[in-house]
file start_33.csv (CSV, C-alpha atoms)
chain,number,residue,atom,x,y,z
A,285,MET,CA,33.0,-22.3,-14.5
A,286,LEU,CA,29.3,-23.0,-15.3
A,287,HIS,CA,27.4,-26.0,-14.1
A,288,ARG,CA,25.7,-28.0,-16.8
A,289,THR,CA,22.1,-28.8,-15.9
A,290,GLY,CA,21.4,-31.0,-18.9
A,291,ASP,CA,18.3,-29.1,-19.7
A,292,ARG,CA,18.6,-26.9,-22.9
A,293,TYR,CA,15.8,-24.6,-21.8
A,294,ARG,CA,17.4,-23.4,-18.6
A,295,TYR,CA,20.2,-21.0,-18.1
A,296,GLU,CA,23.5,-22.4,-17.0
A,297,LEU,CA,24.2,-21.1,-13.5
A,298,PRO,CA,27.6,-20.4,-12.0
A,299,ILE,CA,28.7,-22.9,-9.2
A,300,GLU,CA,30.5,-20.2,-7.2
A,301,THR,CA,29.2,-16.9,-6.1
A,302,ILE,CA,31.1,-13.7,-5.4
A,303,THR,CA,30.3,-11.4,-2.5
A,304,PRO,CA,29.9,-7.8,-3.7
A,305,LYS,CA,32.3,-5.3,-2.2
A,306,LEU,CA,30.8,-2.3,-0.3
A,307,LEU,CA,31.3,1.0,-1.9
A,308,THR,CA,31.6,3.0,1.3
A,309,THR,CA,34.1,2.5,4.1
A,310,SER,CA,33.4,3.0,7.8
A,311,THR,CA,35.8,5.9,8.0
A,312,THR,CA,33.6,8.1,5.8
A,313,THR,CA,30.6,7.8,8.1
A,314,ARG,CA,32.1,7.6,11.6
A,315,THR,CA,34.2,9.9,13.7
A,316,ASP,CA,37.2,8.9,15.8
A,317,ASP,CA,35.1,8.0,18.8
A,318,GLY,CA,33.0,5.5,16.9
A,319,LYS,CA,29.9,7.7,16.5
A,320,ARG,CA,28.3,8.9,13.3
A,321,LYS,CA,29.0,12.4,12.0
A,322,ASP,CA,25.7,13.6,13.3
A,323,GLY,CA,26.5,12.4,16.9
A,324,ARG,CA,24.4,9.2,16.9
A,325,GLU,CA,25.8,5.9,18.0
A,326,HIS,CA,25.9,3.2,15.3
A,327,HIS,CA,22.8,1.5,16.7
A,328,GLN,CA,20.6,4.6,17.1
A,329,PHE,CA,18.0,5.7,14.6
A,330,ARG,CA,17.2,9.2,13.6
A,331,GLN,CA,14.4,11.0,15.4
A,332,ILE,CA,11.2,10.7,13.4
A,333,TYR,CA,7.9,12.7,13.5
A,334,LEU,CA,5.0,11.4,11.5
A,335,LYS,CA,1.4,12.6,11.3
A,336,THR,CA,-1.3,11.2,9.0
A,337,GLY,CA,-4.4,12.8,7.6
A,338,VAL,CA,-2.8,16.2,7.1
A,339,ILE,CA,-4.7,17.0,3.8
A,340,SER,CA,-8.4,16.6,4.3
A,341,VAL,CA,-9.4,16.3,0.6
A,342,ALA,CA,-6.9,13.5,-0.1
A,343,ALA,CA,-7.8,9.8,0.2
A,344,GLY,CA,-4.7,9.5,2.4
A,345,SER,CA,-1.9,11.9,3.4
A,346,ALA,CA,1.1,12.1,5.7
A,347,TYR,CA,3.8,14.5,6.9
A,348,ILE,CA,7.1,13.0,7.9
A,349,GLU,CA,10.1,14.7,9.5
A,350,MET,CA,13.5,13.1,9.9
A,351,GLU,CA,16.0,15.6,11.3
A,352,LYS,CA,16.2,18.4,8.7
A,353,THR,CA,14.3,16.5,6.0
A,354,LYS,CA,10.6,17.4,5.8
A,355,VAL,CA,8.2,15.7,3.4
A,356,ILE,CA,4.4,15.9,2.8
A,357,CYS,CA,2.7,13.3,0.6
A,358,ALA,CA,-0.9,12.7,-0.5
A,359,VAL,CA,-2.8,10.0,-2.4
A,360,TYR,CA,-5.8,11.0,-4.5
A,361,GLY,CA,-8.1,8.4,-6.0
A,362,PRO,CA,-9.0,6.1,-7.4
A,363,ARG,CA,-10.7,8.6,-9.7
A,364,GLN,CA,-12.5,7.9,-12.9
A,365,ALA,CA,-10.3,8.2,-16.0
A,366,THR,CA,-11.4,9.8,-19.2
A,367,GLY,CA,-10.6,8.5,-22.6
A,368,GLU,CA,-10.0,4.9,-23.6
A,369,TYR,CA,-11.0,2.0,-21.4
A,370,GLN,CA,-8.2,0.5,-19.4
A,371,ASN,CA,-8.2,-2.8,-17.7
A,372,LYS,CA,-6.3,-1.5,-14.7
A,373,ALA,CA,-5.7,1.7,-12.9
A,374,GLU,CA,-3.1,4.2,-14.1
A,375,ILE,CA,-0.7,5.2,-11.4
A,376,ARG,CA,0.8,8.7,-11.5
A,377,CYS,CA,3.6,9.8,-9.2
A,378,ASP,CA,4.9,13.3,-8.9
A,379,VAL,CA,7.8,14.3,-6.6
A,380,ARG,CA,8.6,18.0,-6.3
A,381,PHE,CA,11.0,20.1,-4.3
A,382,THR,CA,9.8,23.4,-2.9
A,383,THR,CA,11.7,26.5,-4.1
A,384,PHE,CA,13.3,26.8,-0.7
A,385,ALA,CA,14.1,23.2,-0.1
A,386,HIS,CA,17.6,23.4,-1.7
A,387,LYS,CA,20.4,25.8,-1.2
A,388,LYS,CA,20.7,26.3,-4.9
A,389,LYS,CA,18.1,28.5,-6.5
A,390,ARG,CA,15.5,26.9,-8.7
A,391,THR,CA,15.5,28.4,-12.2
A,392,SER,CA,12.6,26.6,-13.9
A,393,PHE,CA,9.1,25.4,-13.1
A,394,LEU,CA,9.7,22.2,-15.1
A,395,PRO,CA,10.6,19.1,-13.0
A,396,SER,CA,14.3,18.7,-12.6
A,397,THR,CA,16.1,15.5,-13.5
A,398,GLU,CA,16.3,14.6,-9.8
A,399,GLU,CA,12.5,15.1,-9.3
A,400,SER,CA,11.8,13.1,-12.5
A,401,GLU,CA,14.0,10.2,-11.3
A,402,MET,CA,12.5,10.2,-7.9
A,403,SER,CA,9.0,10.1,-9.4
A,404,ILE,CA,9.9,7.1,-11.5
A,405,ARG,CA,11.5,5.3,-8.6
A,406,LEU,CA,8.5,5.9,-6.4
A,407,MET,CA,6.2,4.6,-9.1
A,408,GLN,CA,8.3,1.5,-9.6
A,409,ALA,CA,8.2,0.9,-5.8
A,410,LEU,CA,4.5,1.4,-5.5
A,411,GLU,CA,3.3,-0.4,-8.6
A,412,VAL,CA,4.0,-3.8,-7.1
A,413,SER,CA,2.0,-3.1,-4.0
A,414,ILE,CA,-1.1,-1.5,-5.6
A,415,LEU,CA,-3.7,-3.9,-7.0
A,416,ALA,CA,-4.3,-1.8,-10.1
A,417,GLU,CA,-6.5,-4.6,-11.7
A,418,LYS,CA,-9.1,-4.0,-9.0
A,419,PHE,CA,-9.7,-0.4,-10.3
A,420,PRO,CA,-10.4,-0.5,-14.1
A,421,LYS,CA,-10.6,2.8,-15.9
A,422,SER,CA,-9.3,4.8,-13.0
A,423,ILE,CA,-6.4,7.0,-11.9
A,424,ILE,CA,-4.5,6.9,-8.7
A,425,GLU,CA,-2.3,10.0,-8.0
A,426,ILE,CA,0.5,10.1,-5.5
A,427,ASN,CA,2.0,13.5,-4.9
A,428,VAL,CA,5.1,14.1,-2.8
A,429,VAL,CA,6.4,17.6,-1.9
A,430,ILE,CA,9.8,17.8,-0.2
A,431,LEU,CA,9.6,20.9,2.0
A,432,GLU,CA,13.2,20.8,3.3
A,433,THR,CA,16.1,18.5,2.7
A,434,ASN,CA,19.6,18.1,4.1
A,435,GLY,CA,20.7,15.6,1.4
A,436,ASN,CA,19.4,12.4,3.1
call {"tool": "encode", "arguments": {"input": "start_33.csv", "output": "structure tokens"}}
result
Amino acid sequence: MLHRTGDRYRYELPIETITPKLLTTSTTTRTDDGKRKDGREHHQFRQIYLKTGVISVAAGSAYIEMEKTKVICAVYGPRQATGEYQNKAEIRCDVRFTTFAHKKKRTSFLPSTEESEMSIRLMQALEVSILAEKFPKSIIEINVVILETNGN
């Protein structure tokens, strides 16, 4: 049932809300003794190793390791763009897997659908936090290379 606000310019909102159901159950992620499949307790975090400044020519870079997942990322720019004048910076994101990151062999040098999707999601996440208006006619590049992955 919708609540009538009396204002014809506003959307009519439902009075009651429904709590979404979780897609996973606790039995799929936990063993019989209450621990996770990787041996951690439910309140424990994964071990993390992080080092910044690993690429000297980048404006910023980092290497992160979480268990068997290893990622290196770098930010280049803002650099001057060529071509037409733009009022704000163009943000480019590129996520790539190394050839040895997956168990399945890579057959093409073109980005896979998974890499393209991850690049788009990274760009969407970072666009809201970068003040692109402060850098007119420039390009900011974010490159992420996944060195090893265990599916997480």
call {"tool": "atom_distance", "arguments": {"input": "start_33.csv", "atom1": "atom CA of Ser340 of chain A", "atom2": "atom CA of Lys421 of chain A"}}
result
24.6 Å
call {"tool": "residues_around", "arguments": {"input": "start_33.csv", "residues": "Val355 of chain A", "least_positions_apart": "5", "cutoff": "10 Å", "atoms": "all atoms listed in the file", "output": "PyMOL selection string"}}
result
chain A and resi 334+346-350+380-381+428-433
call {"tool": "closest_residue", "arguments": {"input": "start_33.csv", "among": "A:Arg376, A:Arg324, A:Arg405, A:His386", "to": "Arg363 of chain A", "atoms": "only C-alpha atoms"}}
result
A:Arg376
call {"tool": "atom_distance", "arguments": {"input": "start_33.csv", "atom1": "atom CA of Ile423 of chain A", "atom2": "atom CA of Glu398 of chain A"}}
result
24.0 Å
call {"tool": "closest_residue", "arguments": {"input": "start_33.csv", "among": "A:Ser422, A:Ser345, A:Leu394, A:Ser413", "to": "Glu368 of chain A", "atoms": "only C-alpha atoms"}}
result
A:Ser422
call {"tool": "atom_distance", "arguments": {"input": "start_33.csv", "atom1": "atom CA of Gln408 of chain A", "atom2": "atom CA of Pro362 of chain A"}}
result
18.0 Å
call {"tool": "residues_around", "arguments": {"input": "start_33.csv", "residues": "Glu351 of chain A", "least_positions_apart": "6", "cutoff": "8 Å", "atoms": "all atoms listed in the file", "output": "number ranges by chain"}}
result
A: 330-332
call {"tool": "closest_residue", "arguments": {"input": "start_33.csv", "among": "A:Val341, A:Pro395, A:Tyr369, A:Val379", "to": "Met407 of chain A", "atoms": "all atoms listed in the file"}}
result
A:Val379
call {"tool": "residues_near_point", "arguments": {"input": "start_33.csv", "point": "(0.5, 1.0, -9.9)", "cutoff": "7 Å", "atoms": "all atoms listed in the file", "output": "PDB file with C-alpha atoms, in the coordinates of the input"}}
result
ATOM      1  CA  ALA A 373      -5.700   1.700 -12.900  1.00  0.00           C
ATOM      2  CA  GLU A 374      -3.100   4.200 -14.100  1.00  0.00           C
ATOM      3  CA  ILE A 375      -0.700   5.200 -11.400  1.00  0.00           C
ATOM      4  CA  MET A 407       6.200   4.600  -9.100  1.00  0.00           C
ATOM      5  CA  LEU A 410       4.500   1.400  -5.500  1.00  0.00           C
ATOM      6  CA  GLU A 411       3.300  -0.400  -8.600  1.00  0.00           C
ATOM      7  CA  VAL A 412       4.000  -3.800  -7.100  1.00  0.00           C
ATOM      8  CA  ILE A 414      -1.100  -1.500  -5.600  1.00  0.00           C
ATOM      9  CA  ALA A 416      -4.300  -1.800 -10.100  1.00  0.00           C
TER      10      ALA A 416
END
call {"tool": "build_atoms", "arguments": {"input": "start_33.csv", "residues": "segment 353-364 of chain A", "atoms": "all heavy atoms", "output": "compact mmCIF listing (two decimals), in the coordinates of the input"}}
result
# COMPACT_ATOMS: atom_id res chain seq x y z
N THR A 353 15.04 16.87 7.23
CA THR A 353 14.30 16.50 6.00
C THR A 353 12.80 16.49 6.37
O THR A 353 12.39 15.80 7.29
CB THR A 353 14.73 15.13 5.50
OG1 THR A 353 16.13 15.18 5.24
CG2 THR A 353 13.99 14.76 4.25
N LYS A 354 12.02 17.27 5.60
CA LYS A 354 10.60 17.40 5.80
C LYS A 354 9.84 17.10 4.54
O LYS A 354 10.12 17.73 3.52
CB LYS A 354 10.22 18.75 6.37
CG LYS A 354 10.88 19.04 7.70
CD LYS A 354 10.64 20.44 8.16
CE LYS A 354 11.31 20.59 9.51
NZ LYS A 354 12.11 21.73 9.62
N VAL A 355 8.90 16.14 4.58
CA VAL A 355 8.20 15.70 3.40
C VAL A 355 6.71 15.60 3.68
O VAL A 355 6.31 15.14 4.76
CB VAL A 355 8.72 14.32 2.90
CG1 VAL A 355 7.95 13.83 1.70
CG2 VAL A 355 10.20 14.37 2.62
N ILE A 356 5.90 16.03 2.72
CA ILE A 356 4.40 15.90 2.80
C ILE A 356 4.00 15.11 1.58
O ILE A 356 4.47 15.39 0.48
CB ILE A 356 3.71 17.21 2.99
CG1 ILE A 356 2.26 16.99 3.37
CG2 ILE A 356 3.85 18.07 1.78
CD1 ILE A 356 1.57 18.23 3.88
N CYS A 357 3.13 14.12 1.77
CA CYS A 357 2.70 13.30 0.60
C CYS A 357 1.16 13.11 0.73
O CYS A 357 0.60 13.10 1.82
CB CYS A 357 3.41 12.02 0.50
SG CYS A 357 3.30 10.98 1.94
N ALA A 358 0.54 12.94 -0.46
CA ALA A 358 -0.90 12.70 -0.50
C ALA A 358 -1.23 11.76 -1.64
O ALA A 358 -0.55 11.72 -2.66
CB ALA A 358 -1.60 14.07 -0.77
N VAL A 359 -2.30 10.99 -1.41
CA VAL A 359 -2.80 10.00 -2.40
C VAL A 359 -4.22 10.46 -2.76
O VAL A 359 -5.05 10.65 -1.87
CB VAL A 359 -2.78 8.60 -1.87
CG1 VAL A 359 -3.36 7.64 -2.89
CG2 VAL A 359 -1.38 8.19 -1.47
N TYR A 360 -4.47 10.63 -4.04
CA TYR A 360 -5.80 11.00 -4.50
C TYR A 360 -6.30 9.86 -5.42
O TYR A 360 -5.61 9.41 -6.31
CB TYR A 360 -5.73 12.29 -5.35
CG TYR A 360 -5.28 13.48 -4.56
CD1 TYR A 360 -3.95 13.88 -4.58
CD2 TYR A 360 -6.17 14.19 -3.77
CE1 TYR A 360 -3.53 14.97 -3.85
CE2 TYR A 360 -5.75 15.28 -3.04
CZ TYR A 360 -4.44 15.67 -3.08
OH TYR A 360 -4.02 16.74 -2.34
N GLY A 361 -7.51 9.44 -5.17
CA GLY A 361 -8.10 8.40 -6.00
C GLY A 361 -8.41 7.16 -5.25
O GLY A 361 -8.26 7.10 -4.03
N PRO A 362 -8.89 6.17 -5.95
CA PRO A 362 -9.00 6.10 -7.40
C PRO A 362 -10.10 7.03 -7.94
O PRO A 362 -11.19 7.08 -7.39
CB PRO A 362 -9.32 4.64 -7.69
CG PRO A 362 -9.86 4.10 -6.41
CD PRO A 362 -9.31 4.93 -5.31
N ARG A 363 -9.76 7.75 -9.00
CA ARG A 363 -10.70 8.60 -9.70
C ARG A 363 -11.00 8.05 -11.06
O ARG A 363 -10.18 7.33 -11.63
CB ARG A 363 -10.07 10.02 -9.89
CG ARG A 363 -9.78 10.75 -8.62
CD ARG A 363 -9.16 12.07 -8.96
NE ARG A 363 -8.84 12.81 -7.74
CZ ARG A 363 -8.07 13.86 -7.69
NH1 ARG A 363 -7.52 14.32 -8.79
NH2 ARG A 363 -7.85 14.48 -6.56
N GLN A 364 -12.15 8.42 -11.60
CA GLN A 364 -12.50 7.90 -12.90
C GLN A 364 -11.66 8.56 -13.98
O GLN A 364 -11.48 9.78 -14.01
CB GLN A 364 -13.98 8.18 -13.19
CG GLN A 364 -14.45 7.59 -14.50
CD GLN A 364 -15.94 7.74 -14.69
OE1 GLN A 364 -16.64 8.22 -13.82
NE2 GLN A 364 -16.42 7.32 -15.84
